[in-house]
Amino acid sequence: MTPALVVAFIVLVVTMLFAATLALPSTASALTVNKATARANESTNTNVIGGQPTRVTWEGTVAADEEVSSVSFVFPQGSWVAEDANIKATILDGTKRVETEQNATLDNTGATIEFPSNVASGYLIRVEIYKLALPAEGGAFTLTGSYTNAEGESIDLVESPAIKVISLTPTDAIIAWLDQQPWVEAWNSVLFLKIFLNPQMIVAAAPNLFTGFLRSLGLVLVGFPLAIPIGLAISFLRMSKLRILRFISGIYVNVIRGTPLFLQIYIAFFGLPFLGISIDDYLLGIIVLAMNSSAYLAEIFRAGIQSIHKGQFEASMSLGMNGIQTMFFVIIPQTVRRV
């Protein structure tokens, strides 16, 4: 066989294969998935929480020269629908709504919408599933399923964009349980009771309140012990023989005791940043609390020290103790017991 015949034979085979490929039925999708989203159902209105009903919206566009007679969805495993859940499909031709009949079925595993009159090419199908709860464990979930074209062929849907779901927390679970209780519904139906004592709001706020309690407890456990040595030092300054030290410590005590703690906090957290002084909020809270408490403790310690009879000082001196030893080993222990 000559080279020319070999080349001609190869060209013939390739041409026949190409023609056969064109003759095969097209497997291109007749329905393009545009989007899949879920409405935020968190109290902050930013996240989708699993295990709580929400609204899921799916959109797809019918390809040119194609028609769709039904669309079926398979929900992620662990999803469920509320008793009053429903599904609705809207057909749009551009921005114009197209009225069409539809038959829908919905359960915990999936949903199906049938169109007695096929949806024409180029139309957008928007499906809204109300009161669908996605899996409580959270994650990224997609809507899968299939559709039926005008020829009755069932074709798998392309996976939709993932819907990000956060896990259901114990607090959210309690709130969801309260939402289903008749007595809560009756309670919230009275506007006065709902405004001043909303059960769901109390449960939702409980974690933040507990966190705030722990932070406040930490401030007290750190700030108040720091105030004790500071207050003791200021009490010594208040009893100093140097007038300037008594004057400065007196101003400190009178200003701190004469202004509300809230005003001191306001000045520290808003005044210092205005002056360009930046301190960590938690550390600044400890400082403000320690300074406030130290002013009160200074007067308490001063009163306790001055209540000790002068004979105690004289007796200590006669034993050979100096001023510091007398104060720390004789006077302060008695002061602590008195105050």
# chains A, B, ... in the order shown; residues from 1 in each chain; ligands from 1
$ closest_atom_pairs --of "region 265-312 of chain A" --to "region 211-226 of chain A" --cutoff "9 Å" --atoms "only C-alpha atoms" --output "Markdown table"
| residue | atom | partner | partner_atom | distance |
| --- | --- | --- | --- | --- |
| A:Tyr282 | CA | A:Leu219 | CA | 7.8 |
| A:Leu283 | CA | A:Leu219 | CA | 8.8 |
| A:Gly285 | CA | A:Leu219 | CA | 7.0 |
| A:Ile286 | CA | A:Gly223 | CA | 4.8 |
| A:Ile287 | CA | A:Gly223 | CA | 6.8 |
| A:Val288 | CA | A:Gly223 | CA | 8.2 |
| A:Leu289 | CA | A:Gly223 | CA | 5.7 |
| A:Ala290 | CA | A:Gly223 | CA | 4.7 |
| A:Met291 | CA | A:Gly223 | CA | 8.5 |
| A:Ser293 | CA | A:Phe224 | CA | 6.7 |
| A:Ser294 | CA | A:Phe224 | CA | 8.1 |
$ select_by_dssp --residues "region 5-149 of chain A" --states "alpha helix (DSSP H)" --output "ChimeraX atom specification"
/A:5-23
$ closest_residue --among "A:Phe141, A:Tyr296, A:Phe247, A:Tyr130" --to "Val74 (chain A)" --atoms "only C-alpha atoms"
A:Phe141
$ atom_distance --atom1 "CA of Ser146 (chain A)" --atom2 "CA of Glu59 (chain A)"
13.5 Å
$ select_by_dssp --residues "region 66-305 of chain A" --states "strand (DSSP E or B)" --output "MDAnalysis selection string"
chainID A and resid 68:74 80:93 96:98 103:106 110:119 124:133 139:141 144:149 154:156 163:166
$ closest_atom_pairs --of "region 160-234 of chain A" --to "region 251-264 of chain A" --cutoff "12 Å" --atoms "only C-alpha atoms" --output "Markdown table"
| residue | atom | partner | partner_atom | distance |
| --- | --- | --- | --- | --- |
| A:Ile230 | CA | A:Val253 | CA | 11.6 |
| A:Gly231 | CA | A:Val253 | CA | 9.5 |
| A:Ile234 | CA | A:Val253 | CA | 8.4 |
$ closest_residue --among "A:Ser167, A:Asn108, A:Ser72, A:Ser117" --to "Ile91 (chain A)" --atoms "only C-alpha atoms"
A:Ser117
$ atom_distance --atom1 "CA of Gln77 (chain A)" --atom2 "CA of Glu153 (chain A)"
25.9 Å
$ residues_around --residues "Phe236 (chain A)" --least-positions-apart "5" --cutoff "10 Å" --atoms "only C-alpha atoms" --output "compact mmCIF listing (two decimals) with C-alpha atoms, in the first residue's frame"
# COMPACT_ATOMS: atom_id res chain seq x y z
CA GLY A 231 -4.51 52.08 98.87
CA LYS A 241 5.20 64.65 107.30
CA LEU A 245 2.80 64.46 99.58
CA ARG A 246 -0.24 64.96 101.78
CA SER A 249 -2.55 62.20 97.90
CA ALA A 298 -6.64 54.52 101.48
CA PHE A 301 -6.34 52.11 106.10
CA ARG A 302 -5.54 55.63 107.29
CA ILE A 305 -3.64 53.12 111.43
$ residues_around --residues "region 320-333 of chain A" --least-positions-apart "4" --cutoff "8 Å" --atoms "only C-alpha atoms" --output "ChimeraX atom specification"
/A:305,308,312-313,316,337
$ residues_around --residues "Thr57 (chain A)" --least-positions-apart "5" --cutoff "6 Å" --atoms "only C-alpha atoms" --output "list in words"
Ala36, Thr37, Val127 and Glu128 of chain A
$ write_last_selection --atoms "C-alpha atoms" --output "mmCIF file, in the first residue's frame"
data_model
loop_
_atom_site.group_PDB
_atom_site.id
_atom_site.type_symbol
_atom_site.label_atom_id
_atom_site.label_comp_id
_atom_site.auth_asym_id
_atom_site.auth_seq_id
_atom_site.Cartn_x
_atom_site.Cartn_y
_atom_site.Cartn_z
ATOM 1 C CA ALA A 36 -28.826 28.432 45.317
ATOM 2 C CA THR A 37 -29.075 30.500 48.474
ATOM 3 C CA VAL A 127 -37.925 27.753 43.138
ATOM 4 C CA GLU A 128 -38.480 28.897 46.724
#
